[in-house]
Amino acid sequence: ISKTAEHLGYTQSGVSKQLKTLEKEWGINLFIRTQYGVELTNEGRVLLPYIEKVAADEEMLAEQIYDLKSRGGGSLSIGTFNSISFNWLPAILNRFNELCPDTDVTMVHGNYARVEQALLEERVQCGFVSIPTHESLMVWPLIKDRMLVIMPEGHPLSSRTRLNPLDLAEQEFIIPPEGLNYTVGKAFAEAGLTLRSKAIVDEDYSVLLMVKKNFGITVLPEGVFNTLPIDGLVAVPFGDIYRTLGIAVKNTTHMTGQVRAFIRACRDIIGYHA
């Protein structure tokens, strides 16, 4: 259940609730709960081929609807944040234009929380999120990106091969535009530590320049750091911590052809690199 929840971008409790609801609706037990996870019951094994066929037919139907509705024109609203916009969005939009030409595209920029809120309030049709995200959103995972602690050359921790929250407990952080409340903040909270913020800066390049001037340290995804080469900085892996990004929608029932085309473009360009 945990792996399924991670793959779908749901919480574990959200997946468990859906399974219980389905079992109650059908009046049969589909899974046996064990100390090692879940296993299909005999009834579940009998029904599995039929369920797989229904899922495949639903996907084929969605593709046919997409083909009928995505022949150009229309509009699309996207929620995004800096690292996606800088690294992948231009190529994604080029691919999207091939799939769905002459579409008017609008974008809402923000951090993880703002994009998530825009999706929940349906101010955008789809948006990039950090996984896990809100349980009412449907997410397609796209990329897994290692987190790096960035510091100036000569910093006392610069010779380390790996750092954990305890190593950074006394350090002052420059907070990048996407914030540190998600993957990084969670790691500090789990260690019982509070992240010490010295400044919040709304542009990644400026964050790195401030780090270079020894104003503080920061944590950035490897994909972002590698696209902003600045001399005089050292990057050290932040434990085994990664961020997983995906493309999300709130309502899968009424997805337009443009939304489906954009999700396809994201998967064509980024894929899912676990």
# chains A, B, ... in the order shown; residues from 1 in each chain; ligands from 1
$ select_by_dssp --residues "region 134-198 of chain A" --states "strand (DSSP E)" --output "mmCIF file with C-alpha atoms, in the first residue's frame"
data_model
loop_
_atom_site.group_PDB
_atom_site.id
_atom_site.type_symbol
_atom_site.label_atom_id
_atom_site.label_comp_id
_atom_site.auth_asym_id
_atom_site.auth_seq_id
_atom_site.Cartn_x
_atom_site.Cartn_y
_atom_site.Cartn_z
ATOM 1 C CA MET A 138 -4.311 12.751 -8.996
ATOM 2 C CA VAL A 139 -0.587 12.728 -9.754
ATOM 3 C CA TRP A 140 1.607 11.258 -12.486
ATOM 4 C CA PRO A 141 5.201 10.983 -11.139
ATOM 5 C CA LEU A 142 7.840 12.423 -13.463
ATOM 6 C CA ILE A 143 11.294 12.719 -11.926
ATOM 7 C CA LYS A 144 13.244 11.917 -8.773
ATOM 8 C CA ASP A 145 15.922 14.501 -7.986
ATOM 9 C CA ARG A 146 18.658 14.204 -5.340
ATOM 10 C CA MET A 147 18.885 17.034 -2.802
ATOM 11 C CA LEU A 148 22.249 18.728 -2.289
ATOM 12 C CA VAL A 149 23.583 20.949 0.484
ATOM 13 C CA ILE A 150 25.285 23.932 -1.190
ATOM 14 C CA MET A 151 28.018 25.858 0.610
ATOM 15 C CA PRO A 152 31.026 28.035 -0.269
ATOM 16 C CA GLU A 172 21.840 29.240 8.854
ATOM 17 C CA PHE A 173 19.908 28.658 5.638
ATOM 18 C CA ILE A 174 19.041 30.819 2.682
ATOM 19 C CA ILE A 175 15.607 29.593 1.632
ATOM 20 C CA ARG A 196 17.281 28.026 10.954
ATOM 21 C CA SER A 197 16.261 30.496 8.258
ATOM 22 C CA LYS A 198 18.428 33.570 7.639
#
$ closest_atom_pairs --of "region 58-130 of chain A" --to "region 243-254 of chain A" --cutoff "6 Å" --atoms "only C-alpha atoms" --output "JSON lines"
{"residue": "A:Cys126", "atom": "CA", "partner": "A:Val249", "partner_atom": "CA", "distance": 4.7}
{"residue": "A:Gly127", "atom": "CA", "partner": "A:Ala248", "partner_atom": "CA", "distance": 5.3}
{"residue": "A:Phe128", "atom": "CA", "partner": "A:Ile247", "partner_atom": "CA", "distance": 4.5}
{"residue": "A:Val129", "atom": "CA", "partner": "A:Gly246", "partner_atom": "CA", "distance": 5.5}
{"residue": "A:Ser130", "atom": "CA", "partner": "A:Leu245", "partner_atom": "CA", "distance": 4.7}
$ residues_around --residues "region 113-124 of chain A" --least-positions-apart "4" --cutoff "10 Å" --atoms "only C-alpha atoms" --output "list in words"
Leu76, Ser77, Ile78, Gly79, Thr80, Phe81, Thr106, Met107, Val108, His109, Phe128, Val129, Ser130, Thr133, His134, Ser136, Leu137, Glu178, Gly179, Asn181, Tyr182, Ala248, Val249, Lys250 and Asn251 of chain A
$ residues_around --residues "Leu208 (chain A)" --least-positions-apart "6" --cutoff "12 Å" --atoms "only C-alpha atoms" --output "PyMOL selection string"
chain A and resi 149-152+173-177+201-202+214-220+224-235
$ write_last_selection --atoms "N, CA, C and O atoms" --output "compact mmCIF listing (two decimals), in the first residue's frame"
# COMPACT_ATOMS: atom_id res chain seq x y z
N VAL A 149 23.27 19.81 -0.38
CA VAL A 149 23.58 20.95 0.48
C VAL A 149 24.66 21.77 -0.23
O VAL A 149 25.72 21.25 -0.58
N ILE A 150 24.38 23.06 -0.45
CA ILE A 150 25.28 23.93 -1.19
C ILE A 150 25.93 24.90 -0.21
O ILE A 150 25.25 25.55 0.59
N MET A 151 27.26 24.99 -0.30
CA MET A 151 28.02 25.86 0.61
C MET A 151 29.23 26.42 -0.13
O MET A 151 29.62 25.91 -1.19
N PRO A 152 29.84 27.48 0.40
CA PRO A 152 31.03 28.04 -0.27
C PRO A 152 32.25 27.14 -0.07
O PRO A 152 32.32 26.38 0.91
N PHE A 173 20.29 29.00 7.00
CA PHE A 173 19.91 28.66 5.64
C PHE A 173 19.36 29.87 4.89
O PHE A 173 18.64 30.70 5.45
N ILE A 174 19.70 29.92 3.62
CA ILE A 174 19.04 30.82 2.68
C ILE A 174 17.97 29.99 1.99
O ILE A 174 18.27 28.98 1.34
N ILE A 175 16.73 30.38 2.13
CA ILE A 175 15.61 29.59 1.63
C ILE A 175 15.36 29.92 0.16
O ILE A 175 15.12 31.08 -0.19
N PRO A 176 15.43 28.92 -0.73
CA PRO A 176 15.20 29.15 -2.16
C PRO A 176 13.71 29.37 -2.44
O PRO A 176 12.87 29.18 -1.56
N PRO A 177 13.37 29.78 -3.67
CA PRO A 177 11.98 30.14 -3.98
C PRO A 177 10.97 29.04 -3.74
O PRO A 177 9.81 29.33 -3.41
N VAL A 201 14.80 34.00 -0.46
CA VAL A 201 15.13 34.66 -1.72
C VAL A 201 14.32 34.00 -2.83
O VAL A 201 14.20 32.78 -2.90
N ASP A 202 13.75 34.83 -3.73
CA ASP A 202 12.80 34.30 -4.71
C ASP A 202 13.41 33.93 -6.05
O ASP A 202 12.69 33.78 -7.04
N ASN A 214 29.14 33.64 1.45
CA ASN A 214 29.19 33.12 2.82
C ASN A 214 28.11 33.72 3.72
O ASN A 214 28.29 33.86 4.92
N PHE A 215 26.96 34.06 3.11
CA PHE A 215 25.85 34.60 3.89
C PHE A 215 25.07 33.49 4.58
O PHE A 215 24.37 33.73 5.56
N GLY A 216 25.18 32.29 4.07
CA GLY A 216 24.50 31.13 4.63
C GLY A 216 24.66 29.96 3.67
O GLY A 216 25.38 30.07 2.67
N ILE A 217 24.03 28.85 3.98
CA ILE A 217 24.05 27.69 3.08
C ILE A 217 22.63 27.45 2.58
O ILE A 217 21.67 28.08 3.07
N THR A 218 22.47 26.55 1.63
CA THR A 218 21.14 26.25 1.14
C THR A 218 21.06 24.79 0.72
O THR A 218 22.08 24.08 0.71
N VAL A 219 19.87 24.35 0.38
CA VAL A 219 19.64 23.01 -0.16
C VAL A 219 18.87 23.16 -1.45
O VAL A 219 17.83 23.81 -1.48
N LEU A 220 19.40 22.58 -2.54
CA LEU A 220 18.75 22.64 -3.84
C LEU A 220 18.74 21.25 -4.48
O LEU A 220 19.63 20.44 -4.22
N VAL A 224 18.57 21.42 -10.45
CA VAL A 224 18.61 22.87 -10.45
C VAL A 224 20.05 23.35 -10.34
O VAL A 224 20.49 24.23 -11.10
N PHE A 225 20.81 22.78 -9.42
CA PHE A 225 22.19 23.22 -9.19
C PHE A 225 23.04 23.05 -10.44
O PHE A 225 23.85 23.92 -10.77
N ASN A 226 22.85 21.95 -11.16
CA ASN A 226 23.69 21.68 -12.33
C ASN A 226 23.41 22.63 -13.49
O ASN A 226 24.23 22.75 -14.40
N THR A 227 22.25 23.31 -13.47
CA THR A 227 21.94 24.25 -14.54
C THR A 227 22.36 25.68 -14.20
O THR A 227 22.21 26.58 -15.02
N LEU A 228 22.86 25.87 -12.99
CA LEU A 228 23.27 27.21 -12.56
C LEU A 228 24.72 27.18 -12.10
O LEU A 228 25.02 27.33 -10.91
N PRO A 229 25.65 26.96 -13.03
CA PRO A 229 27.05 26.81 -12.64
C PRO A 229 27.64 28.12 -12.13
O PRO A 229 27.68 29.13 -12.83
N ILE A 230 28.08 28.10 -10.88
CA ILE A 230 28.75 29.25 -10.27
C ILE A 230 30.00 28.72 -9.59
O ILE A 230 29.95 27.78 -8.79
N ASP A 231 31.13 29.30 -9.92
CA ASP A 231 32.39 28.88 -9.31
C ASP A 231 32.39 29.19 -7.81
O ASP A 231 31.68 30.08 -7.33
N GLY A 232 33.21 28.42 -7.09
CA GLY A 232 33.39 28.71 -5.68
C GLY A 232 32.38 28.07 -4.76
O GLY A 232 32.30 28.44 -3.58
N LEU A 233 31.60 27.11 -5.27
CA LEU A 233 30.60 26.44 -4.45
C LEU A 233 30.89 24.94 -4.36
O LEU A 233 31.45 24.36 -5.29
N VAL A 234 30.47 24.33 -3.27
CA VAL A 234 30.61 22.89 -3.07
C VAL A 234 29.22 22.32 -2.81
O VAL A 234 28.43 22.90 -2.05
N ALA A 235 28.94 21.19 -3.44
CA ALA A 235 27.64 20.52 -3.27
C ALA A 235 27.88 19.15 -2.62
O ALA A 235 28.65 18.34 -3.14
$ closest_residue --among "A:Asn29, A:Gln18, A:Thr103, A:Asn97" --to "Ala5 (chain A)" --atoms "only C-alpha atoms"
A:Gln18
$ atom_distance --atom1 "CA of Glu135 (chain A)" --atom2 "CA of Ala62 (chain A)"
22.6 Å
$ closest_residue --among "A:Cys266, A:Ala261, A:Leu157, A:Val46" --to "Ser75 (chain A)" --atoms "only C-alpha atoms"
A:Ala261
$ closest_residue --among "A:Glu25, A:Glu170, A:Glu39, A:Glu58" --to "Ile1 (chain A)" --atoms "only C-alpha atoms"
A:Glu39
$ select_by_dssp --residues "region 65-250 of chain A" --states "alpha helix (DSSP H)" --output "PyMOL selection string"
chain A and resi 65-69+82-87+89-99+112-120+183-190+204-212+222-225
$ atom_distance --atom1 "CA of Asn94 (chain A)" --atom2 "CA of Gly110 (chain A)"
21.9 Å
$ atom_distance --atom1 "CA of Asp57 (chain A)" --atom2 "CA of Gly44 (chain A)"
19.4 Å
$ residues_around --residues "Lys3 (chain A)" --least-positions-apart "4" --cutoff "12 Å" --atoms "only C-alpha atoms" --output "ChimeraX atom specification"
/A:7-12,15-16,37-38,132
$ closest_residue --among "A:Asp204, A:Ile65, A:Gly223, A:Gln258" --to "Asp104 (chain A)" --atoms "only C-alpha atoms"
A:Gln258
$ closest_residue --among "A:Thr4, A:Lys212, A:Leu93, A:Ala191" --to "Gly154 (chain A)" --atoms "only C-alpha atoms"
A:Lys212
$ decode --residues "region 30-48 of chain A" --atoms "N, CA and C atoms" --output "short mmCIF file (atom, residue, chain, number, x, y, z; two decimals), in the first residue's frame"
data_model
loop_
_atom_site.label_atom_id
_atom_site.label_comp_id
_atom_site.auth_asym_id
_atom_site.auth_seq_id
_atom_site.Cartn_x
_atom_site.Cartn_y
_atom_site.Cartn_z
N LEU A 30 -11.22 -8.05 -0.96
CA LEU A 30 -10.29 -8.18 -2.07
C LEU A 30 -8.87 -8.48 -1.61
N PHE A 31 -8.55 -8.07 -0.38
CA PHE A 31 -7.18 -8.21 0.11
C PHE A 31 -7.17 -8.80 1.50
N ILE A 32 -6.09 -9.53 1.78
CA ILE A 32 -5.79 -10.01 3.13
C ILE A 32 -4.65 -9.16 3.67
N ARG A 33 -4.86 -8.54 4.82
CA ARG A 33 -3.79 -7.75 5.44
C ARG A 33 -2.87 -8.65 6.24
N THR A 34 -1.57 -8.59 5.97
CA THR A 34 -0.57 -9.38 6.70
C THR A 34 0.49 -8.44 7.24
N GLN A 35 1.40 -8.99 8.03
CA GLN A 35 2.48 -8.16 8.57
C GLN A 35 3.45 -7.72 7.49
N TYR A 36 3.36 -8.35 6.31
CA TYR A 36 4.26 -7.99 5.22
C TYR A 36 3.59 -7.08 4.19
N GLY A 37 2.31 -6.75 4.40
CA GLY A 37 1.61 -5.91 3.44
C GLY A 37 0.22 -6.46 3.17
N VAL A 38 -0.15 -6.54 1.90
CA VAL A 38 -1.45 -7.07 1.53
C VAL A 38 -1.29 -8.12 0.44
N GLU A 39 -2.22 -9.08 0.43
CA GLU A 39 -2.27 -10.11 -0.60
C GLU A 39 -3.69 -10.22 -1.12
N LEU A 40 -3.83 -10.59 -2.37
CA LEU A 40 -5.16 -10.78 -2.95
C LEU A 40 -5.85 -11.99 -2.32
N THR A 41 -7.13 -11.85 -2.06
CA THR A 41 -7.93 -13.01 -1.65
C THR A 41 -8.24 -13.83 -2.90
N ASN A 42 -8.85 -15.02 -2.72
CA ASN A 42 -9.25 -15.83 -3.88
C ASN A 42 -10.22 -15.05 -4.77
N GLU A 43 -11.14 -14.32 -4.12
CA GLU A 43 -12.08 -13.50 -4.90
C GLU A 43 -11.35 -12.41 -5.68
N GLY A 44 -10.34 -11.84 -5.04
CA GLY A 44 -9.56 -10.80 -5.70
C GLY A 44 -8.83 -11.33 -6.92
N ARG A 45 -8.29 -12.55 -6.80
CA ARG A 45 -7.57 -13.15 -7.94
C ARG A 45 -8.52 -13.43 -9.11
N VAL A 46 -9.75 -13.85 -8.78
CA VAL A 46 -10.73 -14.11 -9.83
C VAL A 46 -11.09 -12.82 -10.57
N LEU A 47 -11.23 -11.74 -9.82
CA LEU A 47 -11.68 -10.47 -10.41
C LEU A 47 -10.55 -9.70 -11.09
N LEU A 48 -9.29 -9.98 -10.74
CA LEU A 48 -8.18 -9.17 -11.24
C LEU A 48 -8.13 -9.04 -12.76
#
